[in-house]
Amino acid sequence: MTATLAQDIEAAVALLAGATDVTLLGHVRPDADALGSALALGRVLQQRGASVRVSFGEPDEAPETLRWLDEGGLLTRVDALPASERLLVALDTPTPKRLGRLAARVDAVRAAGGDVLVVDHHATNALYGTHHVVDESAEATAVLVTRIIEAMGAPIDEPIARCLYAGIVTDTSGFRRASPETHRIAARLLEAGVDPGAVARRIVDDHPFAWLPMLSAVLAEARLEPDAAQGFGFVHAVVRAEAAATVRSEEVESVIDVVRATREAGVAAVLKEAGPGLWTVSLRSAGAVDVSVAAAEFGGGGHRMAAGCTVEGTSDEVLAGLRGALGRAPLLGSRSA
């Protein structure tokens with residue numbers, strides 16, 4: 001940990017020590033890292049006597065696979081949030097825009113003299129708060145939240161540990177991209193009582209039967225372009241609205257993990273139809289092409305190996321734009337195995 005990060009964590013701990021009323025926000029369509037981080041820190045603050053709410057801009061309900069993490073009843077619908085709060089914590093969210101319809105709360109809190117704590121591991125973070133714990137070398141926001149909680153001297157019970165472990169195991173692709181220190185953090189979470197098999201099964205592995213025909217229809221139209229992405233290969237698939245309507249959002253989001261396994265492709269993309277002429281795009285790199293820069297061309301962002309964006313147009317137009325952006329993206333080195 002760098003001296004600057006240690007100072008930032010110390011400042012965050014001092015801010016949280018006096019918190020009595022807190023709203024914690026994850027990004028729209030929250031994943032396990034965003035929601036797990038918010039719920040873990042929220043439970044710590046709740047146990048210290050604060051009034052706590054955890055929310056996100058969309059959809060109206062948390063993904064079914066993540067609701068079981070909320071043992072403290074902290075999840076709060078947008079329409080049930082108070083008009084304002086003295087302390088707002090944004091987690092795993094690089095820009096206010098990623099908060100969706102809750103983005104305006106950032107400026108509102110700051111204008112009222114309140115504090116905004118941003119905890120994130122995206123290199124594209126805009127540092128839009130009054131306090132920041134941002135470290136792009138952290139594999140997950142949950143890693144940073146674990147460090148904050150430990151610096152607070154707060155006990156980590158099993159529900160807190162489970163939320164943190166969920167964020168880490170998903171954002172590291174099952175610890176494939178985890179550092180030795182992150183493995184040590186995971187070990188401490190397991191010692192707190194986390195059942196790793198149950199977490200992976202409920203969040204990553206379990207799918208309803210409807211997932212199979214949806215996946216079959218989508219993969220039947222997947223295409224490989226061996227010469228694209230600067231010669232590293234580009235594989236892509238499209239999830240159209242009619243296919244997405246048969247399953248939960250979790251099943252749609254899982255398609256990228258299947259497509260990215262293509263051996264001949266250095267970059268994988270999945271286009272998900274979000275509305276007429278509107279697509280959310282998931283990008284994954286095998287290690288050679290910086291997909292965060294490609295996503296940034298469309299107003300998105302993320303990590304060098306995993307990023308996303310929202311693009312207007314037909315699916316063919318979006319794919320054409322992605323080919324161009326991937327052709328201009330910086331190279332990270334030789335493709336990893």
# chains A, B, ... in the order shown; residues from 1 in each chain; ligands from 1
$ residues_around --residues "Gln7 of chain A" --least-positions-apart "2" --cutoff "12 Å" --atoms "only C-alpha atoms" --output "mmCIF file with N, CA, C and O atoms, in the first residue's frame"
data_model
loop_
_atom_site.group_PDB
_atom_site.id
_atom_site.type_symbol
_atom_site.label_atom_id
_atom_site.label_comp_id
_atom_site.auth_asym_id
_atom_site.auth_seq_id
_atom_site.Cartn_x
_atom_site.Cartn_y
_atom_site.Cartn_z
ATOM 1 N N MET A 1 0.836 -1.184 0.000
ATOM 2 C CA MET A 1 0.000 0.000 0.000
ATOM 3 C C MET A 1 0.880 1.246 0.000
ATOM 4 O O MET A 1 1.812 1.360 0.788
ATOM 5 N N THR A 2 0.581 2.177 -0.884
ATOM 6 C CA THR A 2 1.369 3.406 -0.953
ATOM 7 C C THR A 2 1.039 4.322 0.233
ATOM 8 O O THR A 2 -0.016 4.198 0.867
ATOM 9 N N ALA A 3 1.955 5.258 0.493
ATOM 10 C CA ALA A 3 1.730 6.196 1.586
ATOM 11 C C ALA A 3 0.494 7.054 1.318
ATOM 12 O O ALA A 3 -0.280 7.355 2.239
ATOM 13 N N THR A 4 0.293 7.434 0.055
ATOM 14 C CA THR A 4 -0.868 8.259 -0.295
ATOM 15 C C THR A 4 -2.169 7.500 -0.044
ATOM 16 O O THR A 4 -3.129 8.068 0.520
ATOM 17 N N LEU A 5 -2.210 6.236 -0.449
ATOM 18 C CA LEU A 5 -3.412 5.436 -0.227
ATOM 19 C C LEU A 5 -3.673 5.274 1.271
ATOM 20 O O LEU A 5 -4.822 5.365 1.724
ATOM 21 N N ILE A 9 -7.055 6.399 3.167
ATOM 22 C CA ILE A 9 -7.851 5.504 4.009
ATOM 23 C C ILE A 9 -8.010 6.079 5.411
ATOM 24 O O ILE A 9 -9.105 6.042 5.998
ATOM 25 N N GLU A 10 -6.944 6.658 5.939
ATOM 26 C CA GLU A 10 -7.009 7.286 7.260
ATOM 27 C C GLU A 10 -8.032 8.424 7.275
ATOM 28 O O GLU A 10 -8.822 8.565 8.220
ATOM 29 N N ALA A 11 -8.067 9.231 6.208
ATOM 30 C CA ALA A 11 -9.033 10.325 6.118
ATOM 31 C C ALA A 11 -10.459 9.786 6.001
ATOM 32 O O ALA A 11 -11.397 10.342 6.590
ATOM 33 N N ALA A 12 -10.628 8.699 5.253
ATOM 34 C CA ALA A 12 -11.951 8.090 5.117
ATOM 35 C C ALA A 12 -12.436 7.541 6.454
ATOM 36 O O ALA A 12 -13.609 7.683 6.812
ATOM 37 N N VAL A 13 -11.528 6.908 7.211
ATOM 38 C CA VAL A 13 -11.878 6.373 8.525
ATOM 39 C C VAL A 13 -12.323 7.492 9.459
ATOM 40 O O VAL A 13 -13.325 7.360 10.191
ATOM 41 N N ALA A 14 -11.614 8.625 9.435
ATOM 42 C CA ALA A 14 -11.986 9.761 10.271
ATOM 43 C C ALA A 14 -13.364 10.296 9.882
ATOM 44 O O ALA A 14 -14.172 10.667 10.748
ATOM 45 N N HIS A 131 -13.771 13.346 -0.606
ATOM 46 C CA HIS A 131 -12.774 12.419 -0.098
ATOM 47 C C HIS A 131 -12.710 11.231 -1.060
ATOM 48 O O HIS A 131 -13.737 10.829 -1.623
ATOM 49 N N HIS A 132 -11.506 10.676 -1.229
ATOM 50 C CA HIS A 132 -11.343 9.584 -2.191
ATOM 51 C C HIS A 132 -10.451 8.485 -1.631
ATOM 52 O O HIS A 132 -9.420 8.774 -1.022
ATOM 53 N N VAL A 133 -10.873 7.249 -1.872
ATOM 54 C CA VAL A 133 -9.989 6.095 -1.708
ATOM 55 C C VAL A 133 -10.050 5.378 -3.052
ATOM 56 O O VAL A 133 -10.929 4.552 -3.305
ATOM 57 N N VAL A 134 -9.156 5.771 -3.934
ATOM 58 C CA VAL A 134 -9.146 5.269 -5.317
ATOM 59 C C VAL A 134 -7.786 4.673 -5.607
ATOM 60 O O VAL A 134 -6.756 5.345 -5.453
ATOM 61 N N ILE A 148 -10.462 -0.380 4.517
ATOM 62 C CA ILE A 148 -11.094 0.678 5.295
ATOM 63 C C ILE A 148 -11.702 0.106 6.578
ATOM 64 O O ILE A 148 -11.511 0.656 7.678
ATOM 65 N N ALA A 151 -9.059 -0.786 8.990
ATOM 66 C CA ALA A 151 -8.465 0.418 9.570
ATOM 67 C C ALA A 151 -9.394 1.055 10.600
ATOM 68 O O ALA A 151 -8.933 1.731 11.534
#
$ residues_around --residues "Val28 of chain A" --least-positions-apart "3" --cutoff "10 Å" --atoms "only C-alpha atoms" --output "ChimeraX atom specification"
/A:25,31,34,55-60,93,97-102
$ residues_around --residues "Asp135 of chain A" --least-positions-apart "3" --cutoff "9 Å" --atoms "only C-alpha atoms" --output "JSON, numbers by chain"
{"A": [5, 119, 120, 121, 122, 123, 138, 139, 141, 144]}
$ write_last_selection --atoms "N, CA and C atoms" --output "short mmCIF file (atom, residue, chain, number, x, y, z; two decimals), in the first residue's frame"
data_model
loop_
_atom_site.label_atom_id
_atom_site.label_comp_id
_atom_site.auth_asym_id
_atom_site.auth_seq_id
_atom_site.Cartn_x
_atom_site.Cartn_y
_atom_site.Cartn_z
N LEU A 5 -2.21 6.24 -0.45
CA LEU A 5 -3.41 5.44 -0.23
C LEU A 5 -3.67 5.27 1.27
N VAL A 119 -15.07 5.51 -3.23
CA VAL A 119 -14.19 4.34 -3.05
C VAL A 119 -14.27 3.53 -4.35
N ASP A 120 -13.15 3.39 -5.03
CA ASP A 120 -13.21 2.81 -6.37
C ASP A 120 -11.84 2.30 -6.81
N HIS A 121 -11.84 1.39 -7.78
CA HIS A 121 -10.58 0.86 -8.31
C HIS A 121 -10.46 1.04 -9.82
N HIS A 122 -11.28 1.91 -10.39
CA HIS A 122 -11.20 2.16 -11.83
C HIS A 122 -10.15 3.23 -12.13
N ALA A 123 -9.34 2.98 -13.15
CA ALA A 123 -8.33 3.95 -13.56
C ALA A 123 -8.96 5.22 -14.11
N ALA A 138 -5.86 -2.02 -7.16
CA ALA A 138 -6.72 -2.94 -6.41
C ALA A 138 -7.60 -3.70 -7.40
N GLU A 139 -7.68 -5.01 -7.22
CA GLU A 139 -8.44 -5.82 -8.18
C GLU A 139 -9.94 -5.65 -8.04
N THR A 141 -13.13 -3.14 -5.76
CA THR A 141 -13.45 -2.13 -4.76
C THR A 141 -13.59 -2.78 -3.39
N LEU A 144 -10.52 -2.54 -1.30
CA LEU A 144 -10.34 -1.25 -0.65
C LEU A 144 -11.28 -1.10 0.55
#
$ select_by_dssp --residues "segment 184-306 of chain A" --states "helix (DSSP H, G or I)" --output "JSON, numbers by chain"
{"A": [184, 185, 186, 187, 188, 189, 190, 191, 196, 197, 198, 199, 200, 201, 202, 203, 204, 205, 211, 212, 213, 214, 215, 216, 217, 218, 219, 220, 241, 242, 243, 244, 249, 250, 251, 252, 253, 254, 255, 256, 257, 258, 259, 291, 292, 293, 294, 295, 296]}
$ residues_around --residues "Ala38 of chain A" --least-positions-apart "2" --cutoff "7 Å" --atoms "only C-alpha atoms" --output "JSON list (two decimals) with C-alpha atoms, in the first residue's frame"
[["chain", "number", "residue", "atom", "x", "y", "z"],
["A", 24, "LEU", "CA", -24.19, 4.31, 0.03],
["A", 25, "LEU", "CA", -24.57, 4.04, -3.73],
["A", 26, "GLY", "CA", -23.37, 1.53, -6.29],
["A", 34, "ALA", "CA", -20.51, -2.61, -6.20],
["A", 35, "LEU", "CA", -23.33, -4.03, -4.10],
["A", 36, "GLY", "CA", -21.17, -6.23, -1.89],
["A", 40, "ALA", "CA", -20.40, -4.55, 3.78],
["A", 41, "LEU", "CA", -19.49, -0.97, 4.66],
["A", 42, "GLY", "CA", -23.13, -0.16, 5.32],
["A", 54, "VAL", "CA", -27.85, 1.24, 0.19],
["A", 91, "LEU", "CA", -18.63, 2.71, -4.48]]
$ closest_residue --among "A:Val267, A:Leu215, A:Leu69, A:Ala90" --to "Tyr128 of chain A" --atoms "only C-alpha atoms"
A:Ala90
$ residues_around --residues "Ala83 of chain A" --least-positions-apart "4" --cutoff "12 Å" --atoms "only C-alpha atoms" --output "MDAnalysis selection string"
chainID A and resid 23 78:79 102 104:105 108:109 112
$ atom_distance --atom1 "atom CA of Leu319 of chain A" --atom2 "atom CA of Ser216 of chain A"
20.7 Å
$ residues_around --residues "segment 240-257 of chain A" --least-positions-apart "6" --cutoff "10 Å" --atoms "only C-alpha atoms" --output "PyMOL selection string"
chain A and resi 29+31+59+63-66+173+203-215+217-219+268-276+279+281-284+315
$ write_last_selection --atoms "N, CA and C atoms" --output "short mmCIF file (atom, residue, chain, number, x, y, z; two decimals), in the first residue's frame"
data_model
loop_
_atom_site.label_atom_id
_atom_site.label_comp_id
_atom_site.auth_asym_id
_atom_site.auth_seq_id
_atom_site.Cartn_x
_atom_site.Cartn_y
_atom_site.Cartn_z
N ARG A 29 -27.16 -0.98 -12.56
CA ARG A 29 -27.04 -2.42 -12.81
C ARG A 29 -25.88 -2.98 -11.98
N ASP A 31 -23.14 -4.89 -9.82
CA ASP A 31 -22.60 -6.24 -9.77
C ASP A 31 -22.23 -6.56 -8.32
N PRO A 59 -31.61 -1.21 -11.98
CA PRO A 59 -33.08 -1.20 -12.06
C PRO A 59 -33.70 -0.90 -10.70
N PRO A 63 -30.36 -7.34 -8.33
CA PRO A 63 -30.34 -8.65 -8.99
C PRO A 63 -30.67 -9.75 -7.99
N GLU A 64 -31.45 -10.70 -8.43
CA GLU A 64 -31.88 -11.79 -7.54
C GLU A 64 -30.68 -12.52 -6.94
N THR A 65 -29.62 -12.66 -7.70
CA THR A 65 -28.46 -13.40 -7.22
C THR A 65 -27.70 -12.68 -6.12
N LEU A 66 -27.99 -11.39 -5.91
CA LEU A 66 -27.26 -10.61 -4.91
C LEU A 66 -28.10 -10.21 -3.70
N SER A 173 -12.25 -12.68 -11.40
CA SER A 173 -12.53 -13.87 -12.23
C SER A 173 -12.13 -15.14 -11.48
N ILE A 203 -23.91 -16.86 -6.91
CA ILE A 203 -23.69 -15.64 -7.70
C ILE A 203 -23.21 -15.94 -9.11
N VAL A 204 -22.38 -16.96 -9.26
CA VAL A 204 -21.73 -17.21 -10.55
C VAL A 204 -22.30 -18.41 -11.29
N ASP A 205 -22.51 -19.52 -10.59
CA ASP A 205 -22.76 -20.79 -11.27
C ASP A 205 -24.22 -21.11 -11.55
N ASP A 206 -25.13 -20.70 -10.70
CA ASP A 206 -26.53 -21.09 -10.85
C ASP A 206 -27.25 -20.28 -11.91
N HIS A 207 -27.95 -20.98 -12.80
CA HIS A 207 -28.78 -20.33 -13.82
C HIS A 207 -30.06 -21.12 -14.00
N PRO A 208 -31.17 -20.46 -14.31
CA PRO A 208 -32.39 -21.19 -14.62
C PRO A 208 -32.28 -21.88 -15.98
N PHE A 209 -33.14 -22.83 -16.22
CA PHE A 209 -33.09 -23.56 -17.49
C PHE A 209 -33.23 -22.62 -18.68
N ALA A 210 -34.01 -21.54 -18.53
CA ALA A 210 -34.21 -20.60 -19.64
C ALA A 210 -32.91 -20.00 -20.14
N TRP A 211 -31.87 -20.03 -19.30
CA TRP A 211 -30.57 -19.52 -19.71
C TRP A 211 -30.01 -20.30 -20.88
N LEU A 212 -30.27 -21.61 -20.92
CA LEU A 212 -29.69 -22.46 -21.96
C LEU A 212 -30.22 -22.12 -23.36
N PRO A 213 -31.53 -22.07 -23.58
CA PRO A 213 -31.98 -21.68 -24.92
C PRO A 213 -31.60 -20.25 -25.30
N MET A 214 -31.59 -19.34 -24.32
CA MET A 214 -31.15 -17.98 -24.62
C MET A 214 -29.70 -18.00 -25.09
N LEU A 215 -28.86 -18.69 -24.35
CA LEU A 215 -27.44 -18.76 -24.69
C LEU A 215 -27.24 -19.43 -26.04
N ALA A 217 -29.29 -19.46 -28.60
CA ALA A 217 -29.68 -18.55 -29.68
C ALA A 217 -28.64 -17.47 -29.90
N VAL A 218 -28.08 -16.94 -28.82
CA VAL A 218 -27.09 -15.87 -28.93
C VAL A 218 -25.79 -16.40 -29.53
N LEU A 219 -25.31 -17.52 -29.03
CA LEU A 219 -24.03 -18.05 -29.50
C LEU A 219 -24.09 -18.55 -30.93
N ALA A 268 -13.10 -9.77 -26.66
CA ALA A 268 -14.47 -10.25 -26.79
C ALA A 268 -15.43 -9.11 -26.48
N ALA A 269 -16.55 -9.11 -27.17
CA ALA A 269 -17.59 -8.09 -26.93
C ALA A 269 -18.96 -8.75 -26.98
N VAL A 270 -19.84 -8.28 -26.12
CA VAL A 270 -21.24 -8.67 -26.17
C VAL A 270 -22.08 -7.40 -26.20
N LEU A 271 -22.93 -7.29 -27.21
CA LEU A 271 -23.85 -6.17 -27.34
C LEU A 271 -25.20 -6.61 -26.77
N LYS A 272 -25.73 -5.82 -25.84
CA LYS A 272 -27.02 -6.14 -25.22
C LYS A 272 -28.00 -5.01 -25.53
N GLU A 273 -29.11 -5.39 -26.16
CA GLU A 273 -30.08 -4.39 -26.60
C GLU A 273 -30.79 -3.79 -25.38
N ALA A 274 -30.61 -2.48 -25.17
CA ALA A 274 -31.21 -1.80 -24.02
C ALA A 274 -32.44 -1.02 -24.41
N GLY A 275 -32.69 -0.88 -25.69
CA GLY A 275 -33.83 -0.13 -26.19
C GLY A 275 -33.68 0.00 -27.69
N PRO A 276 -34.65 0.57 -28.36
CA PRO A 276 -34.54 0.73 -29.82
C PRO A 276 -33.30 1.53 -30.20
N TRP A 279 -27.53 0.17 -27.24
CA TRP A 279 -26.85 -1.06 -26.85
C TRP A 279 -25.89 -0.80 -25.70
N VAL A 281 -22.59 -2.37 -24.04
CA VAL A 281 -21.52 -3.22 -24.57
C VAL A 281 -20.58 -3.63 -23.45
N SER A 282 -20.33 -4.93 -23.36
CA SER A 282 -19.31 -5.45 -22.45
C SER A 282 -18.09 -5.85 -23.26
N LEU A 283 -16.91 -5.39 -22.83
CA LEU A 283 -15.66 -5.70 -23.52
C LEU A 283 -14.71 -6.41 -22.58
N ARG A 284 -14.03 -7.42 -23.08
CA ARG A 284 -13.03 -8.13 -22.30
C ARG A 284 -11.78 -8.34 -23.14
N SER A 315 -26.85 -2.71 -34.54
CA SER A 315 -25.79 -3.58 -34.04
C SER A 315 -24.59 -3.57 -34.99
#
$ closest_residue --among "A:Ile160, A:Gly49, A:Leu190, A:Leu326" --to "Gly233 of chain A" --atoms "only C-alpha atoms"
A:Leu326
